[in-house]
Amino acid sequence: MANWVLKGLRAGIKTSGYRSAAEAAPGLSPGQPRGTVLPSQDAAALVERCPSGAIVSCEGGVAIDQRRCVDCFRCCADVDEPAVPWRDGYEWAAYAGDAAAMRRKLDRAFGHSLHIRFLDAGACGACMSEARQLDNPYYNMHNLGFFMTPTPRNADVLLVAGPVSDAMRLSLRKTYEAMPTPKRVVAIGACAASGGVFGPSFAAGGGVGEVIPVDVVVPGCPPPPLAILHGLMVVVGRKPPSELISRPANVEANPE
């Protein structure tokens, strides 16, 4: 035991500096594809290559629906084929609905500490593994005022992973109804956002929003811990949201 104490004293504080500083640790995030201007022939090739339907054609190029992206890298892996640009970072969380309406809804709903109930609604385990990291010393979400709770009756935020399997639909609804108001829902991962590769199907739905209202979506497959932290800070208004649809620069058009 003494050796571990000595090692800790020598290493010093290793907690992430996020939110007051950017996190530059290698390997923390796979990044995200971005919409780009492309000829129609190249755009069609990229749409065909995407296995999850995240790449959609729009006027002037392709747009990326981040809710469906599963980080397969097929859209940027082959340099001899048309590709999309890739951005680093982890601040992916976005409002689930109209930005102005969501901003009014979330504004000053929570002023101090936030208690979170995590629910696995049929996830594969990847998002669960990332969410568990929030409680470790490196990410130290307690320092930001976020705490996990085992009961929905004490929860302010419901953090949900998975496409909502048929077996979990009723449990999800009951958990949400047991929470006191004001309450918020954060859907983490592509499955929770859109059904991902598992739904809609005979055994799973098309995301959390089909069962209960969702306030903030954190895309990714899986989203890294800092992306989930960003989602929680969007809920409390400490960070601005990102966008769920990434369109080509200087192109004002809806995806087809």
# chains A, B, ... in the order shown; residues from 1 in each chain; ligands from 1
call {"tool": "select_by_dssp", "arguments": {"residues": "range 66-223 of chain A", "states": "helix (DSSP H, G or I)", "output": "PyMOL selection string"}}
result
chain A and resi 99-106+126-135+141-144+152-154+166-178+190-194+208-210
call {"tool": "write_last_selection", "arguments": {"atoms": "N, CA and C atoms", "output": "CSV table (one decimal), in the first residue's frame"}}
result
chain,number,residue,atom,x,y,z
A,99,ALA,N,-33.3,24.4,-31.8
A,99,ALA,CA,-32.3,25.0,-31.0
A,99,ALA,C,-32.9,26.0,-30.0
A,100,ALA,N,-33.7,26.9,-30.6
A,100,ALA,CA,-34.3,28.0,-29.8
A,100,ALA,C,-35.2,27.4,-28.7
A,101,ALA,N,-36.1,26.5,-29.0
A,101,ALA,CA,-37.0,25.9,-28.1
A,101,ALA,C,-36.2,25.1,-27.0
A,102,MET,N,-35.2,24.4,-27.4
A,102,MET,CA,-34.4,23.6,-26.4
A,102,MET,C,-33.6,24.5,-25.5
A,103,ARG,N,-33.1,25.6,-26.0
A,103,ARG,CA,-32.4,26.6,-25.2
A,103,ARG,C,-33.3,27.2,-24.1
A,104,ARG,N,-34.5,27.5,-24.5
A,104,ARG,CA,-35.4,28.0,-23.5
A,104,ARG,C,-35.8,27.0,-22.4
A,105,LYS,N,-35.9,25.7,-22.9
A,105,LYS,CA,-36.3,24.7,-22.0
A,105,LYS,C,-35.2,24.4,-21.0
A,106,LEU,N,-33.9,24.4,-21.5
A,106,LEU,CA,-32.8,24.0,-20.6
A,106,LEU,C,-32.2,25.1,-19.8
A,126,ALA,N,-20.6,-1.1,-25.4
A,126,ALA,CA,-19.5,-0.1,-25.7
A,126,ALA,C,-19.8,1.2,-25.0
A,127,CYS,N,-21.0,1.7,-25.2
A,127,CYS,CA,-21.4,3.0,-24.6
A,127,CYS,C,-21.4,2.9,-23.1
A,128,MET,N,-21.8,1.8,-22.6
A,128,MET,CA,-21.8,1.6,-21.1
A,128,MET,C,-20.4,1.7,-20.6
A,129,SER,N,-19.4,1.0,-21.3
A,129,SER,CA,-18.1,1.1,-20.9
A,129,SER,C,-17.5,2.5,-20.9
A,130,GLU,N,-17.9,3.3,-21.9
A,130,GLU,CA,-17.4,4.7,-21.9
A,130,GLU,C,-18.0,5.5,-20.8
A,131,ALA,N,-19.3,5.3,-20.6
A,131,ALA,CA,-20.0,6.1,-19.5
A,131,ALA,C,-19.5,5.8,-18.1
A,132,ARG,N,-19.1,4.5,-17.9
A,132,ARG,CA,-18.5,4.2,-16.6
A,132,ARG,C,-17.2,4.9,-16.3
A,133,GLN,N,-16.5,5.3,-17.4
A,133,GLN,CA,-15.2,6.0,-17.2
A,133,GLN,C,-15.4,7.4,-16.5
A,134,LEU,N,-16.6,7.9,-16.6
A,134,LEU,CA,-16.8,9.3,-16.1
A,134,LEU,C,-16.6,9.3,-14.6
A,135,ASP,N,-16.7,8.2,-13.9
A,135,ASP,CA,-16.6,8.1,-12.5
A,135,ASP,C,-15.2,7.8,-12.0
A,141,MET,N,-16.0,13.4,-12.9
A,141,MET,CA,-17.1,14.2,-13.1
A,141,MET,C,-17.7,14.9,-11.9
A,142,HIS,N,-17.3,14.3,-10.7
A,142,HIS,CA,-17.7,14.9,-9.4
A,142,HIS,C,-17.2,16.4,-9.3
A,143,ASN,N,-16.0,16.6,-9.9
A,143,ASN,CA,-15.4,17.9,-9.9
A,143,ASN,C,-16.3,18.9,-10.6
A,144,LEU,N,-17.1,18.4,-11.5
A,144,LEU,CA,-18.0,19.3,-12.3
A,144,LEU,C,-19.4,19.4,-11.8
A,152,PRO,N,-34.1,6.4,-9.9
A,152,PRO,CA,-34.6,7.5,-10.8
A,152,PRO,C,-35.4,8.5,-9.9
A,153,ARG,N,-35.8,8.2,-8.7
A,153,ARG,CA,-36.5,9.2,-7.9
A,153,ARG,C,-35.6,10.3,-7.4
A,154,ASN,N,-34.3,10.1,-7.5
A,154,ASN,CA,-33.4,11.1,-7.1
A,154,ASN,C,-32.6,11.7,-8.3
A,166,ASP,N,-37.2,-4.3,-27.3
A,166,ASP,CA,-38.6,-4.5,-26.9
A,166,ASP,C,-38.7,-4.8,-25.4
A,167,ALA,N,-37.7,-5.5,-24.9
A,167,ALA,CA,-37.8,-5.9,-23.5
A,167,ALA,C,-37.5,-4.7,-22.6
A,168,MET,N,-36.9,-3.6,-23.1
A,168,MET,CA,-36.6,-2.5,-22.2
A,168,MET,C,-37.5,-1.3,-22.4
A,169,ARG,N,-38.5,-1.4,-23.3
A,169,ARG,CA,-39.3,-0.3,-23.6
A,169,ARG,C,-40.1,0.2,-22.4
A,170,LEU,N,-40.8,-0.8,-21.7
A,170,LEU,CA,-41.6,-0.5,-20.6
A,170,LEU,C,-40.7,0.0,-19.4
A,171,SER,N,-39.6,-0.6,-19.2
A,171,SER,CA,-38.7,-0.2,-18.1
A,171,SER,C,-38.2,1.2,-18.3
A,172,LEU,N,-37.9,1.6,-19.6
A,172,LEU,CA,-37.4,3.0,-19.9
A,172,LEU,C,-38.5,4.0,-19.6
A,173,ARG,N,-39.7,3.6,-20.0
A,173,ARG,CA,-40.8,4.6,-19.7
A,173,ARG,C,-41.1,4.7,-18.2
A,174,LYS,N,-41.1,3.6,-17.5
A,174,LYS,CA,-41.3,3.7,-16.0
A,174,LYS,C,-40.2,4.5,-15.3
A,175,THR,N,-39.0,4.3,-15.8
A,175,THR,CA,-37.9,5.0,-15.2
A,175,THR,C,-38.0,6.5,-15.4
A,176,TYR,N,-38.4,6.9,-16.6
A,176,TYR,CA,-38.6,8.3,-16.9
A,176,TYR,C,-39.8,8.9,-16.1
A,177,GLU,N,-40.8,8.1,-15.9
A,177,GLU,CA,-42.0,8.6,-15.2
A,177,GLU,C,-41.7,8.7,-13.7
A,178,ALA,N,-40.8,7.9,-13.2
A,178,ALA,CA,-40.5,8.0,-11.8
A,178,ALA,C,-39.6,9.2,-11.4
A,190,ALA,N,-24.9,6.1,-31.2
A,190,ALA,CA,-25.7,6.1,-32.4
A,190,ALA,C,-27.0,5.3,-32.2
A,191,CYS,N,-26.9,4.2,-31.4
A,191,CYS,CA,-28.1,3.4,-31.2
A,191,CYS,C,-29.2,4.2,-30.5
A,192,ALA,N,-28.8,4.9,-29.4
A,192,ALA,CA,-29.8,5.7,-28.7
A,192,ALA,C,-30.3,6.8,-29.5
A,193,ALA,N,-29.5,7.3,-30.4
A,193,ALA,CA,-29.9,8.5,-31.2
A,193,ALA,C,-30.8,8.1,-32.4
A,194,SER,N,-30.6,7.0,-33.0
A,194,SER,CA,-31.3,6.7,-34.2
A,194,SER,C,-31.7,5.2,-34.4
A,208,VAL,N,-34.1,6.3,-28.5
A,208,VAL,CA,-34.8,6.6,-27.3
A,208,VAL,C,-36.0,7.6,-27.5
A,209,GLY,N,-35.8,8.4,-28.5
A,209,GLY,CA,-36.9,9.4,-28.8
A,209,GLY,C,-38.2,8.8,-29.2
A,210,GLU,N,-38.2,7.6,-29.6
A,210,GLU,CA,-39.5,6.9,-29.9
A,210,GLU,C,-40.3,6.6,-28.7
call {"tool": "closest_residue", "arguments": {"among": "A:Asn136, A:Ser29, A:Ser113, A:Ser40", "to": "Val62 in chain A", "atoms": "only C-alpha atoms"}}
result
A:Ser40
call {"tool": "atom_distance", "arguments": {"atom1": "CA of Phe147 in chain A", "atom2": "CA of Ser16 in chain A"}}
result
16.9 Å
call {"tool": "atom_distance", "arguments": {"atom1": "CA of Gly145 in chain A", "atom2": "CA of Leu244 in chain A"}}
result
26.2 Å
call {"tool": "residues_around", "arguments": {"residues": "Pro240 in chain A", "least_positions_apart": "5", "cutoff": "12 Å", "atoms": "only C-alpha atoms", "output": "PDB file with C-alpha atoms, in the first residue's frame"}}
result
ATOM      1  CA  GLU A  91     -17.660  18.265 -28.217  1.00  0.00           C
ATOM      2  CA  TRP A  92     -20.326  16.485 -30.256  1.00  0.00           C
ATOM      3  CA  ALA A  93     -23.433  16.789 -28.097  1.00  0.00           C
ATOM      4  CA  ALA A  94     -26.355  18.619 -29.690  1.00  0.00           C
ATOM      5  CA  TYR A  95     -29.932  19.562 -28.952  1.00  0.00           C
ATOM      6  CA  ALA A  99     -32.333  24.964 -30.956  1.00  0.00           C
ATOM      7  CA  MET A 102     -34.422  23.603 -26.423  1.00  0.00           C
ATOM      8  CA  ARG A 103     -32.378  26.559 -25.217  1.00  0.00           C
ATOM      9  CA  LEU A 106     -32.802  23.972 -20.609  1.00  0.00           C
ATOM     10  CA  ASP A 107     -31.975  27.529 -19.513  1.00  0.00           C
ATOM     11  CA  VAL A 216     -29.642  16.204 -25.808  1.00  0.00           C
ATOM     12  CA  HIS A 230     -19.947  17.681 -23.018  1.00  0.00           C
ATOM     13  CA  GLY A 231     -23.539  16.445 -23.320  1.00  0.00           C
ATOM     14  CA  LEU A 232     -24.078  16.872 -19.594  1.00  0.00           C
ATOM     15  CA  MET A 233     -22.641  20.381 -19.719  1.00  0.00           C
ATOM     16  CA  VAL A 234     -24.938  21.240 -22.625  1.00  0.00           C
ATOM     17  CA  VAL A 235     -27.842  20.163 -20.411  1.00  0.00           C
TER      18      VAL A 235
END
call {"tool": "atom_distance", "arguments": {"atom1": "CA of Pro224 in chain A", "atom2": "CA of Ala54 in chain A"}}
result
19.0 Å
